[in-house]
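> This is coords-v6.txt (compact mmCIF, C-alpha atoms).
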# COMPACT_ATOMS: atom_id res chain seq x y z
CA MET A 10 132.14 94.73 111.41
CA SER A 11 130.47 95.85 108.19
CA ASN A 12 127.20 97.75 107.98
CA TYR A 13 125.40 94.48 107.21
CA GLY A 14 126.87 92.22 109.89
CA LEU A 15 128.33 88.77 109.35
CA LEU A 16 127.28 86.04 106.94
CA GLY A 17 126.35 83.94 109.97
CA ASP A 18 123.64 86.49 110.77
CA TYR A 19 121.83 85.22 107.69
CA ILE A 20 122.80 81.58 107.10
CA GLU A 21 124.72 78.84 108.89
CA LYS A 22 127.38 76.55 107.42
CA VAL A 23 126.71 75.56 103.83
CA ALA A 24 127.14 72.17 102.15
CA SER A 25 127.65 72.23 98.40
CA LYS A 26 128.19 69.86 95.47
CA GLU A 27 127.84 69.60 91.72
CA LEU A 28 124.58 67.89 90.86
CA GLN A 29 124.88 64.57 89.06
CA ARG A 30 122.46 63.13 86.56
CA VAL A 31 121.19 60.64 89.11
CA ASP A 32 120.23 63.56 91.41
CA VAL A 33 117.93 65.32 88.95
CA ASP A 34 117.10 63.06 85.98
CA PRO A 35 113.59 61.61 86.53
CA GLU A 36 114.62 58.46 84.69
CA ARG A 37 117.59 57.87 86.98
CA SER A 38 116.80 59.71 90.22
CA ASN A 39 116.06 57.41 93.15
CA GLN A 40 112.85 58.86 94.59
CA HIS A 41 114.17 62.45 94.48
CA GLU A 42 117.29 61.55 96.44
CA ILE A 43 120.37 63.77 96.43
CA GLY A 44 123.48 61.61 96.52
CA GLY A 45 127.03 62.36 97.56
CA VAL A 46 126.08 62.61 101.23
CA THR A 47 128.93 62.22 103.72
CA LYS A 48 129.18 62.40 107.50
CA ALA A 49 130.56 65.90 107.01
CA MET A 50 126.94 66.93 106.45
CA LEU A 51 126.04 66.35 110.12
CA PRO A 52 127.22 69.81 111.30
CA VAL A 53 124.97 71.29 108.60
CA LEU A 54 121.79 69.20 108.87
CA GLY A 55 122.16 67.69 112.34
CA ASP A 56 121.81 64.10 113.59
CA VAL A 57 118.05 64.00 114.13
CA ASP A 58 115.78 62.13 111.71
CA ARG A 59 113.43 64.48 109.83
CA LYS A 60 110.95 62.71 107.55
CA ALA A 61 108.35 64.53 105.48
CA SER A 62 106.29 61.32 105.34
CA ASP A 63 105.98 61.45 109.14
CA GLY A 64 104.99 65.11 109.13
CA ASN A 65 108.40 66.05 110.49
CA GLY A 66 110.14 67.16 107.31
CA ILE A 67 112.44 70.17 107.18
CA PRO A 68 110.69 73.35 105.93
CA THR A 69 112.73 74.22 102.88
CA VAL A 70 113.00 77.01 100.34
CA ALA A 71 113.96 75.44 97.01
CA MET A 72 115.41 77.94 94.56
CA TYR A 73 116.77 77.87 91.01
CA LEU A 74 119.16 80.64 89.96
CA SER A 75 120.31 81.52 86.46
CA ASP A 76 121.58 84.54 84.55
CA ASP A 77 118.51 84.63 82.32
CA ASP A 78 115.59 85.01 84.72
CA ASP A 79 114.60 85.99 88.23
CA PRO A 80 115.03 83.26 90.87
CA VAL A 81 112.40 80.54 90.80
CA THR A 82 111.36 79.52 94.32
CA GLU A 83 109.02 77.03 95.92
CA ASP A 84 108.35 75.99 99.52
CA ILE A 85 108.80 72.25 100.07
CA PHE A 86 109.76 69.81 102.80
CA THR A 87 113.08 67.98 102.81
CA SER A 88 113.74 64.63 104.47
CA TRP A 89 117.03 63.87 106.22
CA TYR A 90 117.43 60.65 108.19
CA ASP A 91 119.61 57.65 109.00
CA THR A 92 118.27 54.60 107.17
CA ARG A 93 120.08 52.37 109.69
CA ARG A 94 118.69 54.08 112.78
CA ASN A 95 117.13 50.83 114.00
CA ASN A 96 120.16 48.71 113.22
CA PRO A 97 122.72 49.51 115.96
CA THR A 98 125.23 46.99 114.65
CA ARG A 99 125.80 48.95 111.45
CA SER A 100 127.22 52.43 110.91
CA ALA A 101 124.86 55.29 110.06
CA GLU A 102 123.73 55.78 106.47
CA TRP A 103 122.23 59.24 106.01
CA ARG A 104 119.89 60.06 103.13
CA LEU A 105 118.67 63.40 101.77
CA TYR A 106 115.37 63.55 99.85
CA TYR A 107 113.50 66.47 98.31
CA GLN A 108 109.90 66.84 97.21
CA ALA A 109 109.13 67.32 93.53
CA CYS A 110 109.17 71.03 92.73
CA VAL A 111 109.79 73.47 89.89
CA PRO A 112 113.32 74.53 90.96
CA MET A 113 114.52 70.91 90.97
CA ARG A 114 112.83 70.24 87.62
CA LEU A 115 114.82 73.14 86.17
CA ALA A 116 118.09 71.73 87.52
CA SER A 117 120.55 69.87 85.32
CA ALA A 118 123.62 67.77 85.89
CA GLY A 119 126.60 70.09 86.42
CA ASP A 120 124.59 72.75 88.25
CA THR A 121 125.73 73.63 91.76
CA LEU A 122 123.63 72.83 94.83
CA TYR A 123 123.92 74.96 97.98
CA CYS A 124 122.35 73.66 101.19
CA GLY A 125 122.26 75.42 104.55
CA TYR A 126 120.00 76.47 107.40
CA MET A 127 118.77 80.05 107.38
CA LYS A 128 118.46 81.91 110.67
CA ASP A 129 114.67 81.52 110.64
CA GLY A 130 115.03 77.73 110.87
CA ARG A 131 114.21 76.93 107.26
CA LEU A 132 116.60 75.12 104.97
CA LEU A 133 117.83 76.81 101.80
CA LEU A 134 118.21 74.43 98.87
CA ALA A 135 119.54 76.65 96.09
CA ILE A 136 120.63 75.48 92.65
CA ALA A 137 122.76 77.73 90.45
CA ALA A 138 123.07 77.06 86.72
CA ALA A 139 126.41 75.65 85.63
CA SER A 140 129.00 78.19 84.36
CA SER A 141 126.68 81.10 85.17
CA SER A 142 127.71 84.39 86.72
CA VAL A 143 125.38 83.83 89.65
CA ASP A 144 127.07 80.48 90.37
CA ALA A 145 130.48 82.16 90.34
CA GLU A 146 129.14 84.79 92.76
CA MET A 147 127.66 82.13 95.06
CA ARG A 148 130.98 80.30 95.19
CA TRP A 149 132.67 83.56 96.09
CA LEU A 150 130.11 84.27 98.83
CA PHE A 151 130.59 80.89 100.51
CA GLY A 152 134.34 80.58 99.87
CA ILE A 153 134.07 77.62 97.52
CA LYS A 154 136.90 76.69 95.15
CA ASN A 155 136.46 73.20 93.73
CA LEU A 156 133.49 70.86 93.83
CA ASP A 157 132.60 67.36 92.68
CA GLY A 158 129.66 65.01 93.08
CA ARG A 159 130.06 64.69 96.86
CA PHE A 160 129.05 67.30 99.41
CA SER A 161 131.70 69.52 100.96
CA VAL A 162 131.01 71.85 103.88
CA TYR A 163 132.05 75.50 104.04
CA ASP A 164 131.92 77.77 107.07
CA GLN A 165 131.96 81.48 106.20
CA THR A 166 129.75 82.49 109.12
CA LYS A 167 132.40 84.89 110.47
CA ALA A 168 132.88 86.65 107.11
CA SER A 169 131.79 90.29 106.94
CA VAL A 170 128.89 91.07 104.62
CA ASP A 171 129.84 93.90 102.27
CA VAL A 172 127.76 95.70 99.66
CA PHE A 173 128.24 92.94 97.08
CA ALA A 174 127.45 90.12 99.50
CA ILE A 175 124.27 91.84 100.71
CA GLN A 176 123.02 92.28 97.16
CA LEU A 177 123.49 88.55 96.53
CA LEU A 178 121.83 87.69 99.84
CA THR A 179 118.92 89.95 98.91
CA LEU A 180 118.58 88.00 95.64
CA LEU A 181 118.36 84.85 97.76
CA GLY A 182 115.49 86.37 99.74
CA PHE A 183 117.27 87.61 102.86
CA GLU A 184 116.42 90.97 104.40
CA PRO A 185 119.45 93.26 104.87
CA GLN A 186 120.30 93.81 108.53
CA GLN A 187 121.29 97.46 108.77
CA LYS A 188 123.64 98.15 111.65
CA ASP A 189 123.07 101.89 111.65
CA ALA A 190 120.80 104.55 110.15
CA LEU A 191 123.67 106.53 108.65
CA LEU A 192 122.71 110.15 107.82
CA LEU A 193 118.98 109.33 107.90
CA GLU A 194 118.05 112.49 109.80
CA ASP A 195 119.96 114.67 107.34
CA MET A 196 118.44 112.91 104.30
CA LEU A 197 114.91 113.27 105.63
CA HIS A 198 115.57 116.95 106.33
CA ARG A 199 116.70 117.41 102.71
CA TRP A 200 114.11 115.31 100.88
CA ASN A 201 111.24 114.66 103.33
CA TYR A 202 110.38 111.00 102.55
CA SER A 203 110.98 111.26 98.80
CA PHE A 204 113.89 110.28 96.62
CA PRO A 205 115.99 112.88 94.80
CA THR A 206 117.24 112.35 91.25
CA GLY A 207 119.87 109.68 90.74
CA ARG A 208 122.53 112.28 89.98
CA GLU A 209 121.73 114.31 93.09
CA PHE A 210 121.73 111.25 95.34
CA ALA A 211 125.02 109.96 93.88
CA GLN A 212 126.67 113.32 94.51
CA TYR A 213 125.31 113.41 98.05
CA ALA A 214 126.78 109.95 98.74
CA GLU A 215 130.12 110.97 97.24
CA ASP A 216 130.30 114.22 99.17
CA SER A 217 129.52 112.42 102.44
CA LEU A 218 132.88 110.66 102.16
CA THR A 219 134.94 113.63 103.24
CA ASP A 220 138.14 111.58 103.53
CA VAL A 221 138.01 110.39 99.89
CA ASP A 222 139.64 112.50 97.17
CA PRO A 223 138.67 111.38 93.65
CA LYS A 224 141.39 113.55 92.13
CA THR A 225 144.37 112.00 93.93
CA ASP A 226 143.27 108.75 95.63
CA ASN A 227 143.51 105.37 93.90
CA PRO A 228 140.55 105.24 91.45
CA ASP A 229 140.06 101.53 92.16
CA GLU A 230 139.38 102.29 95.80
CA VAL A 231 137.43 105.49 95.20
CA VAL A 232 134.84 103.95 92.86
CA LEU A 233 134.13 101.13 95.32
CA ALA A 234 133.92 103.52 98.25
CA TYR A 235 131.41 105.64 96.34
CA TYR A 236 129.36 102.63 95.26
CA GLU A 237 129.21 101.10 98.74
CA ARG A 238 128.36 104.39 100.42
CA GLU A 239 125.53 105.12 97.98
CA TYR A 240 124.08 101.62 98.33
CA HIS A 241 124.13 101.94 102.11
CA LEU A 242 122.53 105.37 102.14
CA PHE A 243 119.91 104.27 99.61
CA SER A 244 119.01 101.28 101.78
CA VAL A 245 118.68 103.47 104.87
CA LEU A 246 116.50 106.05 103.13
CA GLU A 247 114.45 103.44 101.28
CA GLU A 248 113.55 101.64 104.50
CA ALA A 249 112.30 104.88 106.04
CA ILE A 250 110.34 105.84 102.93
CA ILE A 251 108.75 102.41 102.54
CA GLN A 252 107.61 102.48 106.17
CA HIS A 253 106.23 105.99 105.67
CA GLU A 254 104.41 105.02 102.45
CA TYR A 255 102.93 101.92 104.06
CA GLU A 256 101.63 103.86 107.03
CA ALA A 257 100.01 106.32 104.63
CA THR A 258 98.36 103.62 102.47
CA PRO A 259 98.51 100.22 104.23
CA PHE A 260 97.66 97.21 102.12
CA VAL A 261 96.88 94.96 105.11
CA SER A 262 93.62 95.63 106.96
CA LYS A 263 93.20 95.33 110.71
CA ASP A 264 91.65 91.88 110.26
CA GLY A 265 94.70 90.71 108.26
CA LYS A 266 93.16 90.89 104.78
CA ILE A 267 95.57 91.92 102.01
CA ASP A 268 94.52 94.46 99.39
CA VAL A 269 96.19 92.68 96.45
CA PRO A 270 96.00 95.55 93.91
CA GLN A 271 97.41 97.99 96.48
CA PHE A 272 100.17 95.54 97.44
CA THR A 273 101.09 94.97 93.79
CA LYS A 274 101.27 98.70 93.17
CA PHE A 275 103.37 99.17 96.31
CA TYR A 276 105.79 96.37 95.34
CA LYS A 277 106.21 97.52 91.74
CA HIS A 278 106.89 101.07 92.85
CA ALA A 279 109.65 99.96 95.24
CA ARG A 280 111.16 97.54 92.72
CA ASN A 281 111.22 100.08 89.89
CA ARG A 282 112.90 102.58 92.19
CA ARG A 283 115.68 100.09 92.93
CA VAL A 284 116.18 99.20 89.28
CA SER A 285 116.34 102.85 88.29
CA ARG A 286 118.99 103.66 90.89
CA ALA A 287 121.10 100.59 90.10
CA GLY A 288 121.17 101.46 86.41
CA THR A 289 122.68 104.92 86.88
CA SER A 290 124.66 105.01 90.12
CA LEU A 291 127.84 103.39 88.85
CA GLU A 292 127.87 105.66 85.81
CA GLN A 293 127.62 108.72 88.05
CA HIS A 294 130.55 107.63 90.21
CA VAL A 295 132.83 106.85 87.27
CA GLN A 296 131.95 110.18 85.67
CA ARG A 297 132.78 112.04 88.90
CA ILE A 298 136.24 110.44 89.00
CA LEU A 299 136.94 111.18 85.33
CA ASN A 300 135.87 114.81 85.71
CA GLU A 301 137.94 115.34 88.84
CA ARG A 302 141.01 114.01 87.04
CA GLY A 303 140.51 116.27 84.03
CA ILE A 304 140.03 113.45 81.55
CA ARG A 305 138.29 114.35 78.29
CA PHE A 306 135.31 112.15 77.36
CA THR A 307 131.73 112.24 76.15
CA PRO A 308 129.04 110.39 78.13
CA GLN A 309 126.14 108.77 76.27
CA ALA A 310 127.43 109.89 72.87
CA VAL A 311 125.30 108.93 69.87
CA THR A 312 127.10 106.62 67.42
CA GLU A 313 125.94 104.32 64.61
CA GLU A 314 122.23 103.52 64.51
CA SER A 315 121.62 105.84 67.47
CA LYS A 316 123.59 103.61 69.84
CA LYS A 317 124.81 105.29 73.04
CA PRO A 318 127.98 103.91 74.63
CA ASP A 319 128.40 104.99 78.24
CA PHE A 320 131.71 106.78 77.64
CA LEU A 321 133.69 107.68 74.52
CA PHE A 322 137.33 108.83 74.75
CA PRO A 323 138.64 111.37 73.96
CA GLY A 324 135.18 112.48 72.75
CA VAL A 325 132.37 112.29 70.25
CA GLU A 326 133.99 114.89 67.99
CA GLU A 327 137.02 112.67 67.47
CA TYR A 328 134.83 109.63 66.93
CA ALA A 329 132.70 111.36 64.30
CA ASP A 330 135.70 112.69 62.35
CA GLY A 331 137.00 110.05 59.94
CA ARG A 332 140.41 111.73 59.88
CA TYR A 333 140.99 110.93 63.52
CA PRO A 334 142.90 107.64 63.97
CA SER A 335 140.67 104.82 65.19
CA SER A 336 143.59 103.44 67.17
CA ASN A 337 143.31 106.42 69.52
CA LEU A 338 139.64 105.91 70.29
CA ARG A 339 138.38 104.14 73.41
CA MET A 340 134.94 103.07 74.57
CA LEU A 341 133.96 102.12 78.11
CA ALA A 342 130.67 100.40 78.91
CA LEU A 343 129.48 99.93 82.48
CA LYS A 344 127.61 96.97 83.93
CA THR A 345 127.32 96.42 87.67
CA SER A 346 126.94 92.72 86.85
CA THR A 347 127.32 91.27 83.40
CA LYS A 348 125.34 88.05 82.97
CA ASP A 349 124.53 87.90 79.23
CA ARG A 350 123.94 91.64 78.87
CA TRP A 351 127.57 92.24 78.00
CA ARG A 352 126.77 91.41 74.37
CA GLN A 353 124.79 94.65 74.16
CA VAL A 354 127.99 96.70 74.08
CA LEU A 355 129.59 94.96 71.10
CA ASP A 356 127.98 97.13 68.42
CA GLU A 357 127.87 100.45 70.26
CA ALA A 358 130.92 101.94 68.53
CA ASP A 359 131.89 100.39 65.18
CA ARG A 360 135.11 102.38 64.81
CA ILE A 361 136.57 100.86 67.97
CA SER A 362 137.75 97.29 67.52
CA GLU A 363 138.72 96.51 71.13
CA LYS A 364 136.00 97.59 73.52
CA HIS A 365 136.21 97.88 77.31
CA LEU A 366 133.61 96.77 79.84
CA PHE A 367 133.74 97.97 83.46
CA THR A 368 132.16 95.70 86.08
CA ILE A 369 132.38 95.45 89.87
CA THR A 370 130.77 92.14 90.84
CA PRO A 371 133.16 89.82 92.73
CA SER A 372 133.76 86.59 90.79
CA GLY A 373 131.00 87.74 88.44
CA ILE A 374 132.74 86.59 85.25
CA SER A 375 133.00 82.87 84.66
CA SER A 376 135.78 81.32 82.58
CA LYS A 377 133.22 80.44 79.92
CA GLN A 378 132.01 84.05 79.70
CA ASN A 379 135.57 85.32 79.64
CA LYS A 380 136.42 83.18 76.62
CA GLN A 381 133.33 84.44 74.82
CA MET A 382 134.35 88.02 75.59
CA MET A 383 137.89 87.49 74.37
CA ASP A 384 136.56 85.99 71.14
CA LYS A 385 134.58 89.21 70.64
CA ASN A 386 137.61 91.41 71.45
CA LEU A 387 136.05 92.71 74.67
CA ARG A 388 138.46 93.70 77.44
CA LEU A 389 137.36 93.82 81.06
CA VAL A 390 138.01 96.73 83.43
CA MET A 391 137.77 96.24 87.21
CA PRO A 392 139.05 97.66 90.49
CA LYS A 393 141.94 95.57 91.79
CA SER A 394 140.08 94.02 94.72
CA ILE A 395 137.33 92.84 92.34
CA ARG A 396 139.75 91.53 89.72
CA ASP A 397 141.57 89.50 92.36
CA THR A 398 138.40 87.49 93.15
CA HIS A 399 138.39 86.04 89.62
CA SER A 400 140.22 83.10 88.10
CA GLU A 401 143.61 83.61 86.50
CA ASP A 402 142.27 83.49 82.94
CA VAL A 403 139.78 86.26 83.72
CA GLN A 404 142.46 88.33 85.41
CA ARG A 405 144.65 88.11 82.30
CA ASN A 406 141.83 89.66 80.24
CA THR A 407 141.30 92.46 82.78
CA ILE A 408 142.86 95.90 83.02
CA LEU A 409 142.64 97.75 86.33
CA PHE A 410 140.41 100.82 86.40
CA ALA A 411 143.40 102.90 87.53
CA ASP A 412 145.43 101.70 84.53
CA PHE A 413 142.57 102.40 82.14
CA ILE A 414 142.43 105.98 83.41
CA THR A 415 146.15 106.32 82.78
CA GLU A 416 145.65 104.99 79.25
CA VAL A 417 142.90 107.43 78.28
CA LYS A 418 144.31 110.45 80.09
CA ASP A 419 146.78 111.37 77.32
CA LEU A 420 144.73 110.48 74.23
CA PRO A 421 145.24 113.28 71.67
CA THR A 422 142.32 115.46 70.61
CA LEU A 423 141.57 116.76 67.11
CA LYS A 424 143.27 119.99 68.10
CA ASN A 425 146.38 118.17 69.33
CA LEU A 426 146.70 116.50 65.94
CA GLY A 427 146.07 119.73 64.01
CA LEU A 428 142.76 118.41 62.64
CA ASP A 429 140.41 121.00 64.14
If you took the structure in this file and wrote it as structure tokens, what would it be?

Amino acid sequence: MSNYGLLGDYIEKVASKELQRVDVDPERSNQHEIGGVTKAMLPVLGDVDRKASDGNGIPTVAMYLSDDDDPVTEDIFTSWYDTRRNNPTRSAEWRLYYQACVPMRLASAGDTLYCGYMKDGRLLLAIAAASSSVDAEMRWLFGIKNLDGRFSVYDQTKASVDVFAIQLLTLLGFEPQQKDALLLEDMLHRWNYSFPTGREFAQYAEDSLTDVDPKTDNPDEVVLAYYEREYHLFSVLEEAIIQHEYEATPFVSKDGKIDVPQFTKFYKHARNRRVSRAGTSLEQHVQRILNERGIRFTPQAVTEESKKPDFLFPGVEEYADGRYPSSNLRMLALKTSTKDRWRQVLDEADRISEKHLFTITPSGISSKQNKQMMDKNLRLVMPKSIRDTHSEDVQRNTILFADFITEVKDLPTLKNLGLD
């Protein structure tokens, strides 16, 4: 079992479909009804009538997910009932209705709907924008391949929740269920309820994996092992620090009143800490592997218009010298997840025509995004296990991290070419 349990610890079976115009278009929608219901939905929603109009609706979290903004959520009640309940001579005809809400108003035909009971008894009604990275990730999480306008049911409740699954579940509002407090005592002894620098914490996570050798082990496996270990340790330490900080300055009084300014400050502090770590951890792990393997590179080199690509190969000296052949230059940008931010890397090194982008989100690149990247001469770099979660067209545009390291290892320097 993973450190975060099974998917069934968070959500039950999931029913999913592609939304049709009649489901979401106010001019065509039949009283906010979601069509495409089949009897296969019964294991998901049950066989008991639940009507919001009778005060017995299903408490539901409606959510809209896209690559452009944070999730939009709203609490509503969903109705699920057999319209022929009182007509025993006819077969059941189940209907699913939702209340008007912002997430459903944002939805469009072609978006994907995910419907399933959370462990707290509420229903999740999540909509992911069509052709988005987050939709591709949701399909990966729930084991979904092909969808149409009718609901299909998927049971991934026995699947282990890894570091990538827990990050997606956290986006959906679930609280990670830590199965152990790995190295908490040692971390508190070192840092006493405060976070070290990102570089120090990354090195601590790396060094804690005593059976991993970045110099000789497969780089595809090493970078994922480092990333997962750091995420786990961060989560363990963060939970302890948040509890400590809350006990020092609680924002809920004994009579239950919330100090809103204190809560806002507390939340922003925790959120900024997470964003800061996420933005640097992957870079630290890749740099550790490159250094251990003796590969020459320059991190955060300054190029045209003060742009700073994550890594330049073989180095900034070669890039800045016009005598050095451009065909020998390489650039590697890092994005944990891409969404639309991949476009930021296109102008970071003008001398390099084909740029490389390293990413580690399972199924995080849609076919639409991949075509856009290929049109811009952007090549993807992934560990093998991440590449294999993508469609064939994405895989064809992807080089393994191990192969990229082999490619840059023997790039000549200015000295090698007699240009120093």
> Please list as a list in words every residue within 9 Å of A:Leu426, counting only C-alpha atoms and excluding residues in the same chain fewer than 4 positions away.
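My reading of the contact set: Tyr333, Pro421 and Thr422 of chain A.
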> When you draw a straight line from atom CA of A:Leu389 to atom CA of A:Pro323, how long is it in Å?
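These atoms are spaced 19.0 Å apart.
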> One decimal, Å: what's the distance from atom CA of A:Asp79 over to atom CA of A:Val143, could you say?
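So the answer is 11.1 Å.
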> Have a look at A:Ala257, A:Ile85, A:Leu15, A:Ala234 and name the one nearest to A:Leu150; count only C-alpha atoms.
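Looking only at the distances to A:Leu150, the closest residue turns out to be A:Leu15.
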> What is the distance between atom CA of A:Gly119 and atom CA of A:Gln29, in Å to one decimal?
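Answer for the atom CA of A:Gly119 to atom CA of A:Gln29 separation: 6.4 Å.
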> Can you pull out the residues contacting A:Pro205? Cut-off 12 Å, using all atoms listed in the file, and skip same-chain residues under 6 positions away; I want them as a list in words.
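My list of contacting residues is Met196, Leu197, Arg199, Ala211, Gln212, Tyr213, Ala214, Phe243, Leu246, Glu247, Arg282, Ser285 and Arg286 of chain A.
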> Give as a PDB file with C-alpha atoms, keeping the file's coordinate frame every residue, naming chains and numbers as the document does, that has an atom within 9 Å of (117.2, 69.9, 106.0), counting all atoms listed in the file.

ATOM      1  CA  VAL A  53     124.970  71.290 108.600  1.00  0.00           C
ATOM      2  CA  LEU A  54     121.790  69.200 108.870  1.00  0.00           C
ATOM      3  CA  GLY A  55     122.160  67.690 112.340  1.00  0.00           C
ATOM      4  CA  ARG A  59     113.430  64.480 109.830  1.00  0.00           C
ATOM      5  CA  GLY A  66     110.140  67.160 107.310  1.00  0.00           C
ATOM      6  CA  ILE A  67     112.440  70.170 107.180  1.00  0.00           C
ATOM      7  CA  PRO A  68     110.690  73.350 105.930  1.00  0.00           C
ATOM      8  CA  THR A  69     112.730  74.220 102.880  1.00  0.00           C
ATOM      9  CA  PHE A  86     109.760  69.810 102.800  1.00  0.00           C
ATOM     10  CA  THR A  87     113.080  67.980 102.810  1.00  0.00           C
ATOM     11  CA  SER A  88     113.740  64.630 104.470  1.00  0.00           C
ATOM     12  CA  TRP A  89     117.030  63.870 106.220  1.00  0.00           C
ATOM     13  CA  LEU A 105     118.670  63.400 101.770  1.00  0.00           C
ATOM     14  CA  CYS A 124     122.350  73.660 101.190  1.00  0.00           C
ATOM     15  CA  GLY A 125     122.260  75.420 104.550  1.00  0.00           C
ATOM     16  CA  TYR A 126     120.000  76.470 107.400  1.00  0.00           C
ATOM     17  CA  ARG A 131     114.210  76.930 107.260  1.00  0.00           C
ATOM     18  CA  LEU A 132     116.600  75.120 104.970  1.00  0.00           C
ATOM     19  CA  LEU A 133     117.830  76.810 101.800  1.00  0.00           C
ATOM     20  CA  LEU A 134     118.210  74.430  98.870  1.00  0.00           C
TER      21      LEU A 134
END
> Enclose stretch 248-265 of chain A, meaning all of its atoms listed in the file, in a box aligned along x, y and z, pad it by 5 Å on each side, and list the centre and edge lengths in Å to one decimal, as AutoDock Vina command-line options.

--center_x 102.6 --center_y 98.5 --center_z 106.4 --size_x 31.9 --size_y 25.6 --size_z 18.6
> Quick one: residues within 12 Å of stretch 92-101 of chain A, only C-alpha atoms counted, chain neighbours fewer than 6 positions away excluded, as a compact mmCIF listing (two decimals) with C-alpha atoms, keeping the file's coordinate frame?

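Below is the file that was written, around.txt:
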# COMPACT_ATOMS: atom_id res chain seq x y z
CA VAL A 46 126.08 62.61 101.23
CA THR A 47 128.93 62.22 103.72
CA LYS A 48 129.18 62.40 107.50
CA LEU A 51 126.04 66.35 110.12
CA ASP A 56 121.81 64.10 113.59
CA VAL A 57 118.05 64.00 114.13
CA ASP A 58 115.78 62.13 111.71
CA ARG A 59 113.43 64.48 109.83
CA LYS A 60 110.95 62.71 107.55
> Tell me, as a list of chain:residue names, which residues lie within 9 Å of A:Ser394, counting only C-alpha atoms; anything in the same chain fewer than 3 positions away does not count.
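Answer for this query is A:Asp229, A:Glu230, A:Pro371, A:Met391, A:Asp397, A:Thr398.
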> For A:Phe413, find every residue with an atom within 12 Å (counting all atoms listed in the file), except residues of its own chain fewer than 3 positions away, and show them as a ChimeraX atom specification.
/A:228-229,295,299,304,322,339-341,364-367,388-393,407-410,416-420
> With distances taken over all atoms listed in the file, which of A:Leu156, A:Ala145, A:Glu194, A:Tyr123 is nearest to A:Lys377?
A:Ala145
